Every structure is written in C-alpha cells, then in structure tokens.
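The structure under discussion appears below in the form of structure tokens.
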Amino acid sequence: MSVILPLLFLFTALSGTAVVLVRDPTRQVFAIAINGLVLTILFDALQAPDVALSELAVGSAAVPLLFLVALMAVRTQAPGEDS
Amino acid sequence: MSAVTSVLPYAVAAWLFGVGLYGIATSRNFIHLVGCLGVCQAATYVLLLGLGYRWGSIAPIFYDHPPGTPAVDPVMQALVLTDIVVGATLTALLLVLTVQAYKRGGSLDPEKLRPMRAGGKSGRDQGSSRVSEGGQQAP
Amino acid sequence: MSPRIRIALLALSGLILLPCAASVIAGLPAFGATIAQYGERINAITPEARHVANMVSAINFDLRGLDTLGEEFMLLAAITGTVVLLRGRRGEGNTERAMRRPGRAVIPRSEATVLACRIAGPLTCLFGLYVVLHATVTPGGGFQGGVILASGTLLIYLGEGYSGWRDAIHSHWLDALEGGGALLFALCGLAPMLVGAAFMQNILPLGTFRDLFSGGLMLVENVGVALAVTGGFTQLFLEFMEETREAEEPDEPGEESA
C-alpha cells in the first residue's frame, strides 16, 4: 500500500496536468474523464469509498457529458445567432 | 514512510492548483477554462482527503469491522462528497454561461469578450446588428 | 490586460506564493500519521449514539446536517440558475429536430446498442436505488445514488433516441422532484421543532445497527437529497440536450434523432 498510494498521487498530478495542457476542448473532454477515473481510484485507495462512488458518477460520466453537450451546442450554432 | 511520501499529497495538491491557475490564465477558450477550474477543484479534494488519511486505517464504515477499529477521518470525506456533487452543478452553470457568451459575443476566446450593453451596442462589428435584433425579440 | 502581462503577473504571484505554500506544507502533519481529533471522536461515539455504520452519512445528515441543508440549497440555486438561463432564451417547449453539422453522416443506432441499453438501464437504476437506500449501512447515500439514477435515465436517450427520452422524462416532474427534495430536507429540519426538539434533532426511533432501517431522521433526509439530486441532474441533462436542438421549423425531411 505504501507504494501504491504515492504512485496514484503522481498519476493524479499527471492527469490533472494533462487536462490543462490539452488545449483543444474536444480532446480535453477525454482528459477530464480520465482525470475523473484516476481520482476515483485514488479516493478508493485513500479509504474513501463514498467519495469514490460520487467522483465515479460525477467526474467520469456527468461532467464530461455536460462538456460534450456544451461543445455540441457551440459547434453547431453560428455565432451571434440568437434563437 | 520516507520524507517524500509524507509531503507528497500536499505537494500534489499544490501542483494541481498551480497548474489549474496557469491553465485559467493562459486559456484561449472558455470551455477549456472551465476544465482547468475543475483541476483546481480536484486539488482541494486531494488536499482534504490527504489530510484525513492515516496509514493502516479502514474506511469509516463499520459494517464488516466492529466499531472502534481505527478508521480514517470521516469529516473530510463528508466535505469532499458534497463538494463534488455541488461542484458539478456549478460546472454546468459555467458551461451555460459559456454557451450564452458565445451566442451573444460570437467567440469563445476570453480575449475577445466585450462588455454586454443594452440594445446590443457591444462594439462588435460582425454580430452587433443580429444581437440587437435578438435583444428586441427576447421577452 | 495583454496575455504577456497576465502570465508575468501569474509567475510573480507564483514566485511569492511558492515559499508560503512550502512552509505551510512543512507545517502540516506528515501524510498518514494522524487524523484530526474531531473525526476520531466521531468514529468512536457515533456508531453507539446513532446506530449507523456509515460515518460519512452520519456527518452529512445528522451531525452536520445544517451544512448539508446549505449545500442542498446551493445545488438548487445552481440548477435553477442554469435552467433559467437556458429556458429564458428558448422557452419551455421542446423541439423534435436534431441539430446537425452539414456534411456529417447520420449513423443509425444498432440493435446491439438498443439491447444493451434496455438491459443496462433498469440495472443501473436498481443499483442507484440500492445506493440511495443503504446510505446508513454501506458506502452510498442520496448524493451518489442520485447521480447514478440520473445517469441511468441517459441510457434511455442512448437506447431509444431523443424523442423516446423526452416521452419518458417530463421536465415538470423533474422540477417537482428537485424542489420537493429540498423542501423535504428543510421540513426534516423544521418538523422536530413542532414537538419541542431542536432544529433537525433526530427524534425518530434510531433502529438497529447495521440494519437498513437505522439512523431515524437520516433516512428521510437522505431520500430528500436523493430526490433533489436525481431531479436536478436529470434536469441539467435535459436542458443541455435541448440546447443542441434546432429551434426553427424543419424545412427538410429525413431527420432521425441523433
């Protein structure tokens, strides 16, 4: 356990950095979902199953979906076209 | 546990927060910016749960283990738990504002954001007439 | 402010804050060495005092219930703001026509997807209900279960298409769920005052330890949170999806929902 936890922390730092460095929002959605998964595993290893369950549902499903739909709304509509 | 391990979670939390701030400051796209804000949020989760952890403890759920077994700090977990769910709805709110800003101003770039004025005289050459029409139609 | 100045400012503040952060980290207790006394006390006392096994739920719904009430209304306010922003421009009606980028092919849904969604949808909802109801016994509770339930409804969208989803899920029910859940939570706080107890005092019978019915008032509050989160998140998905629909009347035939 004393090896797994530091490794998971490093993974979290990496995946968080990836979310920032992926500049294209379409690709960033996947980075966000992966970040959510890594956080889920980290929280589970930190003995927080409640939080892991919450992060799994929110961080790797709900939030990426909201990002995808926002991207869809932005890309399919011409700018300035109000209703 | 080595000295590196004992400060690693806090360092990771600080790193995530710093990277998120860097992303927010340099972002050229509002949707990317909201994602970077999510990284800052994740930093708080890591910090709180790192503070509440203790080696060799069980999760604070006394179902399989009798009460009295050393467990990690449940207060931090309760904090993070509600924060995650409420944070997601706030992300949704920010994304909606992003989409609205795109429809009004015609750009997702924070650099090109202009102040919104009544009647649509926002100074944007391209979309100003359309915006003013839309403003009059809106109830 | 030009980007260069902004980055310079960020670097400057980073340089100043870095030593401060380092000294704070040095002052924190070593990772994994000890936990705060408050949490320790809660772990020691609560299983006896409240007959619940899940300490996190006990804190959320009982010991710090007032804070959760605040969180609950933050949730309500955020979702209300989102819905108002989206509906204010578009109105409350729903539109049939999917928006599509020109030149992109429409791929019909395969039967395997429909079958998988029809099997996985009810199972996901069942699991969500399980997570909600076992809040005081095993990991879970209204917050997590609510999000799982809301995600389960998305499988209807994936399997049956947009119109099927809109037929199954009604926006007004979600409004009622969202507001009703928050109201239920607030009433859980106010009801004990009718019998002379304190705000949100746990006056219901506490039940047996490790049983589904344990924790008294916590169970009711948990259901309130679950209703609000389910309603709120489904409402978010619904209103966001509606944003990708076309507002105009269809002028060409052949739209199969995306």
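Ordering of the structure tokens sets the chain letters (A, B, ...), residue numbers begin anew at 1 in every chain, and ligands are numbered from 1 in the order given.
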For chain C, work out the contacting residues on chain A at 10 Å, counting only C-alpha atoms, and write them as a ChimeraX atom specification. /A:46,48-58,61-62,65-77,82-83
**Study point:** Expected answer as a PyMOL selection string: chain B residues within 8 Å of chain A, only C-alpha atoms
**Key:** chain B and resi 1+5+8-9+12-13+15-16+19-20+23+27+29+31-32+35-36+39+49-50+53+57-60+72+77-78+80-81+84-85+88+91-92+95-96+99+102-107+127+130-131+134
- Using backbone DSSP assignments, extract all strand (DSSP E or B) residues from chain B; output them as a VMD selection string. chain B and resid 54 58 61 71
Output file for the residues above (N, CA and C atoms, as a PDB file, in the first residue's frame):
ATOM      1  N   ARG B  54      -4.945   8.059   7.272  1.00  0.00           N
ATOM      2  CA  ARG B  54      -3.984   7.539   8.248  1.00  0.00           C
ATOM      3  C   ARG B  54      -3.621   6.128   7.829  1.00  0.00           C
ATOM      4  N   ILE B  58      -9.056   1.721   8.392  1.00  0.00           N
ATOM      5  CA  ILE B  58     -10.100   1.271   7.474  1.00  0.00           C
ATOM      6  C   ILE B  58     -10.950   2.465   7.070  1.00  0.00           C
ATOM      7  N   ILE B  61     -16.581   3.080   7.768  1.00  0.00           N
ATOM      8  CA  ILE B  61     -17.862   2.376   7.634  1.00  0.00           C
ATOM      9  C   ILE B  61     -17.743   1.091   8.432  1.00  0.00           C
ATOM     10  N   ALA B  71     -10.122   4.128  12.048  1.00  0.00           N
ATOM     11  CA  ALA B  71     -10.644   4.479  10.727  1.00  0.00           C
ATOM     12  C   ALA B  71     -10.120   5.848  10.334  1.00  0.00           C
TER      13      ALA B  71
END
DSSP on the backbone: which residues in chain A end up as alpha helix (DSSP H)? Give the answer as a VMD selection string.
chain A and resid 4 to 21 25 to 45 49 to 57 63 to 76
Q.
I need the residue nearest chain C from this list: B:Leu51, B:Leu37, B:Ala43, B:Phe17. Use only C-alpha atoms for the distance.
A.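 Among the listed residues, the smallest separation from chain C belongs to B:Leu51.
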With only C-alpha atoms counted and 6 Å as the cut-off, give the residues of chain C in contact with chain B, each with its shortest interatomic distance in Å and the pair that gives it, as JSON lines.
{"residue": "C:Ala30", "atom": "CA", "partner": "B:Ser6", "partner_atom": "CA", "distance": 4.7}
{"residue": "C:Phe31", "atom": "CA", "partner": "B:Ser6", "partner_atom": "CA", "distance": 4.4}
{"residue": "C:Gly32", "atom": "CA", "partner": "B:Arg54", "partner_atom": "CA", "distance": 3.8}
{"residue": "C:Ala33", "atom": "CA", "partner": "B:Arg54", "partner_atom": "CA", "distance": 5.6}
{"residue": "C:Thr34", "atom": "CA", "partner": "B:Arg54", "partner_atom": "CA", "distance": 5.7}
{"residue": "C:Ile35", "atom": "CA", "partner": "B:Gly52", "partner_atom": "CA", "distance": 5.6}
{"residue": "C:Gly39", "atom": "CA", "partner": "B:Asp73", "partner_atom": "CA", "distance": 4.8}
{"residue": "C:Ala44", "atom": "CA", "partner": "B:Gly68", "partner_atom": "CA", "distance": 5.9}
{"residue": "C:Ala53", "atom": "CA", "partner": "B:Phe62", "partner_atom": "CA", "distance": 4.8}
{"residue": "C:Asn54", "atom": "CA", "partner": "B:Ile61", "partner_atom": "CA", "distance": 4.4}
{"residue": "C:Met55", "atom": "CA", "partner": "B:Pro60", "partner_atom": "CA", "distance": 5.6}
{"residue": "C:Val56", "atom": "CA", "partner": "B:Ala78", "partner_atom": "CA", "distance": 5.2}
{"residue": "C:Leu75", "atom": "CA", "partner": "B:Val86", "partner_atom": "CA", "distance": 5.5}
{"residue": "C:Ala78", "atom": "CA", "partner": "B:Leu90", "partner_atom": "CA", "distance": 5.9}
{"residue": "C:Thr82", "atom": "CA", "partner": "B:Leu93", "partner_atom": "CA", "distance": 5.0}
Just write the chosen residues, N, CA and C atoms, as a CSV table (one decimal), in the first residue's frame.
chain,number,residue,atom,x,y,z
C,30,ALA,N,2.6,15.1,9.0
C,30,ALA,CA,3.0,14.2,7.9
C,30,ALA,C,1.9,13.3,7.4
C,31,PHE,N,1.8,13.1,6.1
C,31,PHE,CA,0.7,12.3,5.5
C,31,PHE,C,0.6,10.9,6.1
C,32,GLY,N,-0.6,10.6,6.6
C,32,GLY,CA,-0.9,9.3,7.1
C,32,GLY,C,-0.5,9.1,8.5
C,33,ALA,N,0.0,10.1,9.2
C,33,ALA,CA,0.5,9.9,10.5
C,33,ALA,C,-0.6,10.0,11.5
C,34,THR,N,-1.5,10.9,11.4
C,34,THR,CA,-2.6,11.1,12.4
C,34,THR,C,-3.8,11.8,11.7
C,35,ILE,N,-4.9,11.7,12.4
C,35,ILE,CA,-6.1,12.4,11.9
C,35,ILE,C,-6.6,13.4,12.9
C,39,GLY,N,-12.7,14.0,13.9
C,39,GLY,CA,-13.0,12.8,13.2
C,39,GLY,C,-12.9,11.6,14.1
C,44,ALA,N,-15.5,7.2,17.2
C,44,ALA,CA,-15.7,6.5,18.4
C,44,ALA,C,-17.1,6.5,19.0
C,53,ALA,N,-23.8,2.7,10.6
C,53,ALA,CA,-22.5,2.2,10.3
C,53,ALA,C,-21.6,3.1,9.4
C,54,ASN,N,-22.3,3.9,8.6
C,54,ASN,CA,-21.6,4.8,7.7
C,54,ASN,C,-21.4,6.2,8.3
C,55,MET,N,-20.2,6.4,8.7
C,55,MET,CA,-19.9,7.7,9.4
C,55,MET,C,-20.1,8.9,8.5
C,56,VAL,N,-19.8,8.7,7.2
C,56,VAL,CA,-19.9,9.9,6.3
C,56,VAL,C,-21.4,10.3,6.2
C,75,LEU,N,-27.1,23.6,-4.4
C,75,LEU,CA,-27.5,22.8,-5.6
C,75,LEU,C,-28.7,23.3,-6.3
C,78,ALA,N,-27.9,26.6,-8.1
C,78,ALA,CA,-27.1,26.4,-9.3
C,78,ALA,C,-28.0,25.9,-10.4
C,82,THR,N,-29.0,27.6,-14.0
C,82,THR,CA,-28.8,27.0,-15.3
C,82,THR,C,-30.1,26.9,-16.1
Contacts of stretch 181-183 of chain C at 8 Å (only C-alpha atoms; same-chain gap of 5+ positions) as a count of residues only: 9
One decimal, Å: what's the distance from atom CA of C:Leu115 over to atom CA of C:Trp165, could you say?
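According to the coordinates, atom CA of C:Leu115 and atom CA of C:Trp165 are separated by 15.6 Å.
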>> What does the structure give for the distance between atom CA of C:Ser214 and atom CA of C:Val229, in Å to one decimal?
In response: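 These atoms are spaced 22.0 Å apart.
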Atom CA of C:Gly231 sits from atom CA of C:Leu212 at a separation of 23.8 Å
Show me, as a ChimeraX atom specification, the residues that have an atom within 12 Å of C:Cys188 when counting only C-alpha atoms, minus same-chain residues fewer than 2 positions from it.
/C:61-62,65-66,69,181-186,190-194,197-204,216-225
